[in-house]
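Raw query_9.cif, mmCIF, N, CA and C atoms:
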```
data_structure
loop_
_atom_site.label_atom_id
_atom_site.label_comp_id
_atom_site.auth_asym_id
_atom_site.auth_seq_id
_atom_site.Cartn_x
_atom_site.Cartn_y
_atom_site.Cartn_z
N MET A 258 103.65 192.71 60.65
CA MET A 258 104.77 193.17 61.43
C MET A 258 105.73 193.92 60.50
N SER A 259 106.45 194.82 61.13
CA SER A 259 107.44 195.56 60.35
C SER A 259 108.72 195.69 61.17
N LEU A 260 109.78 196.00 60.46
CA LEU A 260 111.06 196.22 61.10
C LEU A 260 111.21 197.70 61.41
N ASP A 261 111.71 197.99 62.60
CA ASP A 261 111.95 199.36 63.02
C ASP A 261 113.36 199.48 63.56
N ILE A 262 113.88 200.69 63.54
CA ILE A 262 115.19 200.96 64.11
C ILE A 262 115.02 201.87 65.32
N SER A 263 115.72 201.54 66.38
CA SER A 263 115.68 202.34 67.61
C SER A 263 117.09 202.66 68.05
N VAL A 264 117.19 203.73 68.81
CA VAL A 264 118.46 204.12 69.42
C VAL A 264 118.46 203.59 70.85
N TRP A 265 119.61 203.13 71.30
CA TRP A 265 119.73 202.64 72.67
C TRP A 265 121.02 203.16 73.28
N THR A 266 121.03 203.19 74.60
CA THR A 266 122.24 203.54 75.34
C THR A 266 122.56 202.40 76.28
N PRO A 267 123.84 202.19 76.54
CA PRO A 267 124.22 201.14 77.48
C PRO A 267 123.66 201.42 78.88
N ASP A 268 123.12 200.39 79.51
CA ASP A 268 122.58 200.52 80.86
C ASP A 268 122.60 199.13 81.50
N ASP A 269 123.55 198.90 82.36
CA ASP A 269 123.70 197.58 82.99
C ASP A 269 122.49 197.16 83.80
N ASP A 270 121.69 198.11 84.24
CA ASP A 270 120.52 197.80 85.05
C ASP A 270 119.26 197.53 84.21
N ALA A 271 119.34 197.75 82.93
CA ALA A 271 118.18 197.57 82.05
C ALA A 271 118.21 196.19 81.40
N TYR A 272 117.08 195.80 80.84
CA TYR A 272 116.97 194.53 80.13
C TYR A 272 117.99 194.49 79.00
N ALA A 273 118.72 193.40 78.90
CA ALA A 273 119.72 193.17 77.86
C ALA A 273 120.85 194.20 77.90
N GLY A 274 120.98 194.93 79.00
CA GLY A 274 122.08 195.88 79.13
C GLY A 274 121.94 197.14 78.30
N ARG A 275 120.71 197.42 77.89
CA ARG A 275 120.49 198.62 77.08
C ARG A 275 119.17 199.27 77.44
N ARG A 276 119.14 200.59 77.31
CA ARG A 276 117.92 201.36 77.50
C ARG A 276 117.57 202.00 76.17
N VAL A 277 116.39 201.72 75.68
CA VAL A 277 115.94 202.28 74.40
C VAL A 277 115.55 203.74 74.62
N VAL A 278 116.06 204.60 73.75
CA VAL A 278 115.83 206.03 73.83
C VAL A 278 114.54 206.37 73.08
N GLU A 279 113.74 207.22 73.68
CA GLU A 279 112.49 207.64 73.04
C GLU A 279 112.81 208.45 71.78
N ASP A 280 112.06 208.18 70.71
CA ASP A 280 112.28 208.88 69.44
C ASP A 280 111.67 210.28 69.49
N PRO A 281 112.34 211.25 68.88
CA PRO A 281 111.75 212.59 68.80
C PRO A 281 110.43 212.54 68.03
N PRO A 282 109.50 213.44 68.33
CA PRO A 282 108.23 213.47 67.59
C PRO A 282 108.47 213.57 66.08
N GLY A 283 107.69 212.82 65.33
CA GLY A 283 107.77 212.86 63.88
C GLY A 283 108.88 212.03 63.27
N THR A 284 109.62 211.30 64.10
CA THR A 284 110.72 210.48 63.61
C THR A 284 110.18 209.24 62.91
N SER A 285 110.71 208.96 61.72
CA SER A 285 110.36 207.74 61.01
C SER A 285 111.38 206.67 61.36
N THR A 286 110.90 205.55 61.88
CA THR A 286 111.79 204.48 62.31
C THR A 286 111.63 203.21 61.47
N ALA A 287 110.78 203.24 60.47
CA ALA A 287 110.54 202.06 59.65
C ALA A 287 111.75 201.74 58.78
N VAL A 288 112.08 200.45 58.73
CA VAL A 288 113.15 200.00 57.83
C VAL A 288 112.69 198.81 56.99
N GLY A 289 111.38 198.65 56.87
CA GLY A 289 110.85 197.64 55.98
C GLY A 289 109.88 196.68 56.65
N ALA A 290 109.23 195.91 55.81
CA ALA A 290 108.32 194.86 56.29
C ALA A 290 109.14 193.71 56.86
N GLU A 291 108.52 192.91 57.66
CA GLU A 291 109.20 191.76 58.27
C GLU A 291 109.88 190.89 57.21
N SER A 292 109.25 190.75 56.06
CA SER A 292 109.81 189.92 54.99
C SER A 292 111.13 190.47 54.44
N PHE A 293 111.39 191.76 54.66
CA PHE A 293 112.63 192.37 54.16
C PHE A 293 113.87 191.76 54.81
N ARG A 294 113.71 191.10 55.97
CA ARG A 294 114.84 190.42 56.59
C ARG A 294 115.57 189.56 55.55
N HIS A 295 114.75 188.84 54.78
CA HIS A 295 115.30 187.89 53.81
C HIS A 295 115.34 188.45 52.40
N THR A 296 114.28 189.14 52.01
CA THR A 296 114.14 189.52 50.61
C THR A 296 114.91 190.78 50.21
N LEU A 297 115.32 191.58 51.18
CA LEU A 297 116.09 192.79 50.86
C LEU A 297 117.40 192.81 51.65
N TRP A 298 117.31 193.01 52.96
CA TRP A 298 118.53 193.20 53.76
C TRP A 298 119.38 191.94 53.82
N GLY A 299 118.76 190.78 53.78
CA GLY A 299 119.51 189.52 53.80
C GLY A 299 119.64 188.88 52.43
N SER A 300 119.31 189.61 51.40
CA SER A 300 119.32 189.05 50.04
C SER A 300 120.75 188.76 49.56
N ALA A 301 120.83 187.89 48.58
CA ALA A 301 122.12 187.60 47.96
C ALA A 301 122.72 188.87 47.37
N ALA A 302 121.88 189.75 46.84
CA ALA A 302 122.37 191.00 46.25
C ALA A 302 123.04 191.88 47.29
N ALA A 303 122.42 192.01 48.47
CA ALA A 303 123.02 192.83 49.54
C ALA A 303 124.32 192.20 50.01
N ARG A 304 124.33 190.91 50.16
CA ARG A 304 125.54 190.21 50.60
C ARG A 304 126.65 190.34 49.56
N HIS A 305 126.28 190.22 48.29
CA HIS A 305 127.25 190.32 47.20
C HIS A 305 127.90 191.71 47.16
N LEU A 306 127.14 192.73 47.52
CA LEU A 306 127.68 194.09 47.55
C LEU A 306 128.65 194.28 48.72
N GLY A 307 128.65 193.34 49.65
CA GLY A 307 129.56 193.42 50.79
C GLY A 307 128.90 193.76 52.11
N ALA A 308 127.57 193.80 52.13
CA ALA A 308 126.87 194.09 53.38
C ALA A 308 127.11 192.94 54.37
N THR A 309 127.38 193.31 55.62
CA THR A 309 127.59 192.31 56.65
C THR A 309 126.67 192.51 57.85
N PHE A 310 126.30 193.75 58.14
CA PHE A 310 125.41 194.00 59.27
C PHE A 310 123.97 193.61 58.94
N LEU A 311 123.40 194.24 57.91
CA LEU A 311 121.98 194.04 57.61
C LEU A 311 121.62 192.60 57.27
N PRO A 312 122.49 191.83 56.61
CA PRO A 312 122.13 190.43 56.37
C PRO A 312 121.94 189.61 57.64
N GLN A 313 122.46 190.10 58.77
CA GLN A 313 122.27 189.39 60.03
C GLN A 313 120.79 189.33 60.42
N LEU A 314 119.98 190.23 59.88
CA LEU A 314 118.54 190.20 60.16
C LEU A 314 117.90 188.90 59.66
N ALA A 315 118.49 188.31 58.63
CA ALA A 315 117.96 187.06 58.08
C ALA A 315 118.49 185.84 58.82
N ASP A 316 119.53 186.04 59.61
CA ASP A 316 120.16 184.94 60.33
C ASP A 316 119.69 184.92 61.78
N ILE A 317 118.45 184.52 61.97
CA ILE A 317 117.83 184.53 63.29
C ILE A 317 118.39 183.39 64.13
N THR A 318 118.86 183.74 65.33
CA THR A 318 119.38 182.75 66.26
C THR A 318 118.73 182.97 67.63
N VAL A 319 118.94 182.03 68.52
CA VAL A 319 118.45 182.18 69.89
C VAL A 319 119.12 183.40 70.53
N ALA A 320 120.41 183.57 70.26
CA ALA A 320 121.16 184.66 70.88
C ALA A 320 120.71 186.04 70.41
N ASN A 321 120.46 186.20 69.11
CA ASN A 321 120.10 187.54 68.62
C ASN A 321 118.59 187.77 68.53
N ARG A 322 117.81 186.71 68.67
CA ARG A 322 116.34 186.81 68.62
C ARG A 322 115.84 187.52 67.36
N GLY A 323 116.65 187.50 66.34
CA GLY A 323 116.26 188.15 65.08
C GLY A 323 116.51 189.64 65.06
N ASN A 324 117.15 190.16 66.09
CA ASN A 324 117.44 191.59 66.15
C ASN A 324 118.86 191.84 65.68
N LEU A 325 119.08 193.00 65.13
CA LEU A 325 120.42 193.44 64.77
C LEU A 325 120.79 194.58 65.70
N GLN A 326 121.71 194.33 66.60
CA GLN A 326 122.17 195.36 67.52
C GLN A 326 123.54 195.84 67.06
N VAL A 327 123.67 197.14 66.85
CA VAL A 327 124.92 197.75 66.43
C VAL A 327 125.45 198.57 67.61
N ALA A 328 126.60 198.19 68.10
CA ALA A 328 127.21 198.86 69.25
C ALA A 328 127.73 200.25 68.85
N PRO A 329 127.89 201.13 69.83
CA PRO A 329 128.43 202.46 69.52
C PRO A 329 129.74 202.41 68.74
N SER A 330 130.58 201.46 69.05
CA SER A 330 131.87 201.34 68.36
C SER A 330 131.74 200.85 66.93
N GLN A 331 130.57 200.37 66.54
CA GLN A 331 130.34 199.85 65.19
C GLN A 331 129.55 200.81 64.31
N LEU A 332 129.17 201.96 64.84
CA LEU A 332 128.31 202.87 64.08
C LEU A 332 128.94 203.34 62.77
N ASP A 333 130.23 203.63 62.77
CA ASP A 333 130.88 204.08 61.54
C ASP A 333 130.79 203.02 60.45
N ALA A 334 131.08 201.78 60.81
CA ALA A 334 131.02 200.68 59.84
C ALA A 334 129.59 200.46 59.35
N PHE A 335 128.62 200.55 60.25
CA PHE A 335 127.22 200.40 59.86
C PHE A 335 126.80 201.52 58.91
N GLU A 336 127.23 202.73 59.21
CA GLU A 336 126.91 203.87 58.35
C GLU A 336 127.53 203.69 56.97
N ARG A 337 128.76 203.19 56.91
CA ARG A 337 129.41 202.92 55.61
C ARG A 337 128.62 201.88 54.82
N GLU A 338 128.12 200.85 55.52
CA GLU A 338 127.33 199.83 54.84
C GLU A 338 126.05 200.43 54.25
N CYS A 339 125.38 201.28 55.02
CA CYS A 339 124.17 201.93 54.51
C CYS A 339 124.51 202.77 53.28
N GLY A 340 125.65 203.47 53.32
CA GLY A 340 126.08 204.26 52.17
C GLY A 340 126.39 203.39 50.96
N LEU A 341 127.01 202.26 51.19
CA LEU A 341 127.32 201.31 50.11
C LEU A 341 126.04 200.85 49.42
N LEU A 342 125.04 200.50 50.23
CA LEU A 342 123.78 200.05 49.65
C LEU A 342 123.07 201.19 48.91
N ALA A 343 123.13 202.39 49.48
CA ALA A 343 122.51 203.54 48.81
C ALA A 343 123.21 203.83 47.48
N ASP A 344 124.54 203.73 47.46
CA ASP A 344 125.29 203.97 46.22
C ASP A 344 124.97 202.93 45.15
N ASN A 345 124.51 201.77 45.56
CA ASN A 345 124.20 200.68 44.64
C ASN A 345 122.71 200.35 44.63
N VAL A 346 121.89 201.35 44.92
CA VAL A 346 120.45 201.11 45.08
C VAL A 346 119.80 200.60 43.80
N GLU A 347 120.26 201.04 42.65
CA GLU A 347 119.65 200.56 41.40
C GLU A 347 119.89 199.06 41.22
N HIS A 348 121.08 198.61 41.53
CA HIS A 348 121.39 197.18 41.46
C HIS A 348 120.55 196.40 42.48
N LEU A 349 120.48 196.93 43.69
CA LEU A 349 119.71 196.28 44.75
C LEU A 349 118.22 196.23 44.38
N SER A 350 117.73 197.31 43.80
CA SER A 350 116.34 197.37 43.37
C SER A 350 116.05 196.34 42.28
N ALA A 351 116.93 196.29 41.29
CA ALA A 351 116.73 195.34 40.19
C ALA A 351 116.78 193.90 40.67
N ALA A 352 117.66 193.62 41.60
CA ALA A 352 117.84 192.25 42.09
C ALA A 352 116.71 191.80 43.01
N THR A 353 116.11 192.74 43.74
CA THR A 353 115.10 192.37 44.72
C THR A 353 113.67 192.70 44.29
N GLY A 354 113.53 193.59 43.31
CA GLY A 354 112.21 193.99 42.86
C GLY A 354 111.58 195.11 43.68
N TYR A 355 112.32 195.64 44.64
CA TYR A 355 111.80 196.75 45.46
C TYR A 355 112.15 198.08 44.84
N ASP A 356 111.26 199.04 44.99
CA ASP A 356 111.45 200.38 44.46
C ASP A 356 112.68 201.03 45.08
N ALA A 357 113.52 201.62 44.25
CA ALA A 357 114.75 202.26 44.73
C ALA A 357 114.46 203.37 45.73
N GLY A 358 113.41 204.14 45.49
CA GLY A 358 113.05 205.22 46.41
C GLY A 358 112.66 204.69 47.77
N ARG A 359 111.98 203.58 47.79
CA ARG A 359 111.58 202.96 49.06
C ARG A 359 112.81 202.48 49.83
N ILE A 360 113.74 201.85 49.12
CA ILE A 360 114.98 201.38 49.76
C ILE A 360 115.75 202.57 50.33
N LEU A 361 115.86 203.63 49.54
CA LEU A 361 116.59 204.82 50.01
C LEU A 361 115.92 205.44 51.24
N HIS A 362 114.59 205.42 51.27
CA HIS A 362 113.87 205.95 52.44
C HIS A 362 114.26 205.17 53.70
N TYR A 363 114.28 203.85 53.60
CA TYR A 363 114.64 203.03 54.77
C TYR A 363 116.10 203.25 55.16
N LEU A 364 116.98 203.37 54.18
CA LEU A 364 118.39 203.63 54.48
C LEU A 364 118.57 205.01 55.12
N ALA A 365 117.77 205.98 54.69
CA ALA A 365 117.83 207.31 55.31
C ALA A 365 117.38 207.24 56.76
N ASN A 366 116.36 206.43 57.05
CA ASN A 366 115.91 206.26 58.43
C ASN A 366 117.03 205.64 59.28
N MET A 367 117.78 204.72 58.69
CA MET A 367 118.91 204.12 59.42
C MET A 367 119.98 205.17 59.70
N ASN A 368 120.29 205.99 58.70
CA ASN A 368 121.31 207.04 58.89
C ASN A 368 120.88 208.06 59.94
N HIS A 369 119.61 208.41 59.95
CA HIS A 369 119.13 209.35 60.96
C HIS A 369 119.25 208.74 62.36
N ALA A 370 118.97 207.44 62.48
CA ALA A 370 119.11 206.77 63.77
C ALA A 370 120.57 206.76 64.21
N VAL A 371 121.48 206.56 63.28
CA VAL A 371 122.91 206.59 63.62
C VAL A 371 123.29 207.97 64.16
N GLU A 372 122.80 209.03 63.53
CA GLU A 372 123.08 210.39 64.01
C GLU A 372 122.55 210.59 65.44
N ARG A 373 121.33 210.11 65.69
CA ARG A 373 120.75 210.25 67.03
C ARG A 373 121.54 209.42 68.05
N ALA A 374 121.98 208.24 67.64
CA ALA A 374 122.75 207.38 68.53
C ALA A 374 124.08 208.03 68.91
N ARG A 375 124.74 208.61 67.95
CA ARG A 375 126.02 209.28 68.24
C ARG A 375 125.82 210.42 69.23
N ALA A 376 124.72 211.12 69.10
CA ALA A 376 124.45 212.28 69.96
C ALA A 376 124.30 211.88 71.43
N VAL A 377 123.91 210.62 71.69
CA VAL A 377 123.71 210.19 73.08
C VAL A 377 124.72 209.13 73.51
N GLY A 378 125.72 208.85 72.65
CA GLY A 378 126.72 207.85 72.99
C GLY A 378 126.19 206.44 72.99
N GLY A 379 125.20 206.19 72.12
CA GLY A 379 124.57 204.88 72.08
C GLY A 379 124.76 204.15 70.77
N GLY A 380 123.96 203.13 70.58
CA GLY A 380 123.98 202.33 69.37
C GLY A 380 122.58 202.27 68.79
N VAL A 381 122.40 201.41 67.80
CA VAL A 381 121.08 201.23 67.19
C VAL A 381 120.72 199.75 67.22
N ILE A 382 119.43 199.50 67.19
CA ILE A 382 118.93 198.14 67.11
C ILE A 382 117.79 198.10 66.10
N ILE A 383 117.82 197.11 65.24
CA ILE A 383 116.71 196.89 64.30
C ILE A 383 116.00 195.64 64.79
N TRP A 384 114.69 195.80 64.96
CA TRP A 384 113.86 194.70 65.46
C TRP A 384 112.48 194.75 64.92
#
```

Just give me the structure as structure tokens.
Amino acid sequence: MSLDISVWTPDDDAYAGRRVVEDPPGTSTAVGAESFRHTLWGSAAARHLGATFLPQLADITVANRGNLQVAPSQLDAFERECGLLADNVEHLSAATGYDAGRILHYLANMNHAVERARAVGGGVIIW
């Protein structure tokens, strides 16, 4: 299993109040292997840097079902967090053992999803 990021729009008639938007052809939505919930995005290193959104992937509850849903009103803060991790990718890489280029690729996929979400007035979900 792997983690992917999707764009969604609010829809009261849809499951969970959101409608997932189809990705444009050629869009990369990967944000890591399932294990990255704990070993990268939820790592002590990410938390120490100040990440608050992505570590939620490691905090699986009945309510969130292990998904991270970012509302339209939270996109700016989520984008800042992705930038923070990108700016500190060497530290994150050293602490987790993951290749810096690989981490940056996943963060770029998150940023692209944020851009697509803004264009449709939606949010993003990692699942």

message = Neighbouring residues of Pro281 of chain A were defined as those with any atom within 12 Å, considering only C-alpha atoms; residues of the same chain fewer than 4 positions away were excluded. Please report them as a count of residues only.
response = 7

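Note on the selection: in this file the PyMOL selection byres ((chain A and resi 259) around 8) comes out as Met258, Leu260, Asp261, Ile262, Ala287, Val288, Gly289, Ala290, Glu291, Ser292, Phe293 and Trp384 of chain A.
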
Can you list, as a short mmCIF file (atom, residue, chain, number, x, y, z; two decimals) with N, CA and C atoms, keeping the file's coordinate frame, all residues belonging to segment 271-374 of chain A that DSSP tags as strand (DSSP E or B)?
```
data_model
loop_
_atom_site.label_atom_id
_atom_site.label_comp_id
_atom_site.auth_asym_id
_atom_site.auth_seq_id
_atom_site.Cartn_x
_atom_site.Cartn_y
_atom_site.Cartn_z
N ARG A 275 120.71 197.42 77.89
CA ARG A 275 120.49 198.62 77.08
C ARG A 275 119.17 199.27 77.44
N ARG A 276 119.14 200.59 77.31
CA ARG A 276 117.92 201.36 77.50
C ARG A 276 117.57 202.00 76.17
N VAL A 277 116.39 201.72 75.68
CA VAL A 277 115.94 202.28 74.40
C VAL A 277 115.55 203.74 74.62
N ALA A 287 110.78 203.24 60.47
CA ALA A 287 110.54 202.06 59.65
C ALA A 287 111.75 201.74 58.78
N VAL A 288 112.08 200.45 58.73
CA VAL A 288 113.15 200.00 57.83
C VAL A 288 112.69 198.81 56.99
N GLY A 289 111.38 198.65 56.87
CA GLY A 289 110.85 197.64 55.98
C GLY A 289 109.88 196.68 56.65
N ALA A 290 109.23 195.91 55.81
CA ALA A 290 108.32 194.86 56.29
C ALA A 290 109.14 193.71 56.86
N LEU A 325 119.08 193.00 65.13
CA LEU A 325 120.42 193.44 64.77
C LEU A 325 120.79 194.58 65.70
N GLN A 326 121.71 194.33 66.60
CA GLN A 326 122.17 195.36 67.52
C GLN A 326 123.54 195.84 67.06
N VAL A 327 123.67 197.14 66.85
CA VAL A 327 124.92 197.75 66.43
C VAL A 327 125.45 198.57 67.61
#
```

inquiry  = Give me, as a list of chain:residue names, all polymer residues having an atom no more than 12 Å from Asn321 of chain A, counting only C-alpha atoms and skipping those fewer than 4 positions away in the same chain.
reply    =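 Neighbouring residues, sequence-local ones excluded: A:Ala273, A:Gln313, A:Leu314, A:Ala315, A:Asp316, A:Ile317, A:Leu325, A:Gln326, A:Val327, A:Ile382, A:Ile383, A:Trp384.
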
key: Residue list (helix (DSSP H, G or I), DSSP) for segment 292-359 of chain A, as a VMD selection string   = chain A and resid 293 to 298 301 to 305 311 to 315 329 to 344 346 to 353 357 to 359

request  = Take atom CA of Thr266 of chain A and atom CA of Ala320 of chain A and report the distance between them in Å, one decimal.
outcome  = 19.4 Å

message = Between A:Leu297, A:Val371, A:Val278, A:Ala328, which residue has the minimum interatomic distance to Tyr355 of chain A, considering only C-alpha atoms?
response =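 Going through A:Leu297, A:Val371, A:Val278, A:Ala328 one by one, the smallest distance to Tyr355 of chain A is for A:Leu297.
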
request  = Would you list the contacts of segment 306-312 of chain A as a PyMOL selection string, taking every protein, DNA or RNA residue within 7 Å and counting all atoms listed in the file, but skipping same-chain residues closer than 6 positions in sequence?
outcome  = chain A and resi 294+298-300+325+335+338

task = Counting only C-alpha atoms, figure out which residue out of A:Met367, A:Ala303, A:Val319, A:Val377 gets nearest to Leu341 of chain A.
result =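 Result for the nearest residue to Leu341 of chain A: A:Ala303.
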
task = State, in Å with one decimal place, the distance from atom CA of Leu361 of chain A to atom C of Val346 of chain A.
result = 8.2 Å

inquiry  = as a PyMOL selection string, please: the residues near Cys339 of chain A (cut-off 8 Å, all atoms listed in the file, same-chain neighbours under 3 positions excluded).
reply    = chain A and resi 308+311+333-336+342-345+364-365+367-368

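Across the model, the gap from atom C of Asn366 of chain A to atom CA of Tyr272 of chain A is 23.6 Å.
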
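Those residues returned by the PyMOL selection byres ((chain A and resi 378) around 6.5) for this file are Trp265, Thr266, Pro267, Pro329, Arg373, Ala374, Arg375, Ala376, Val377, Gly379 and Gly380 of chain A.
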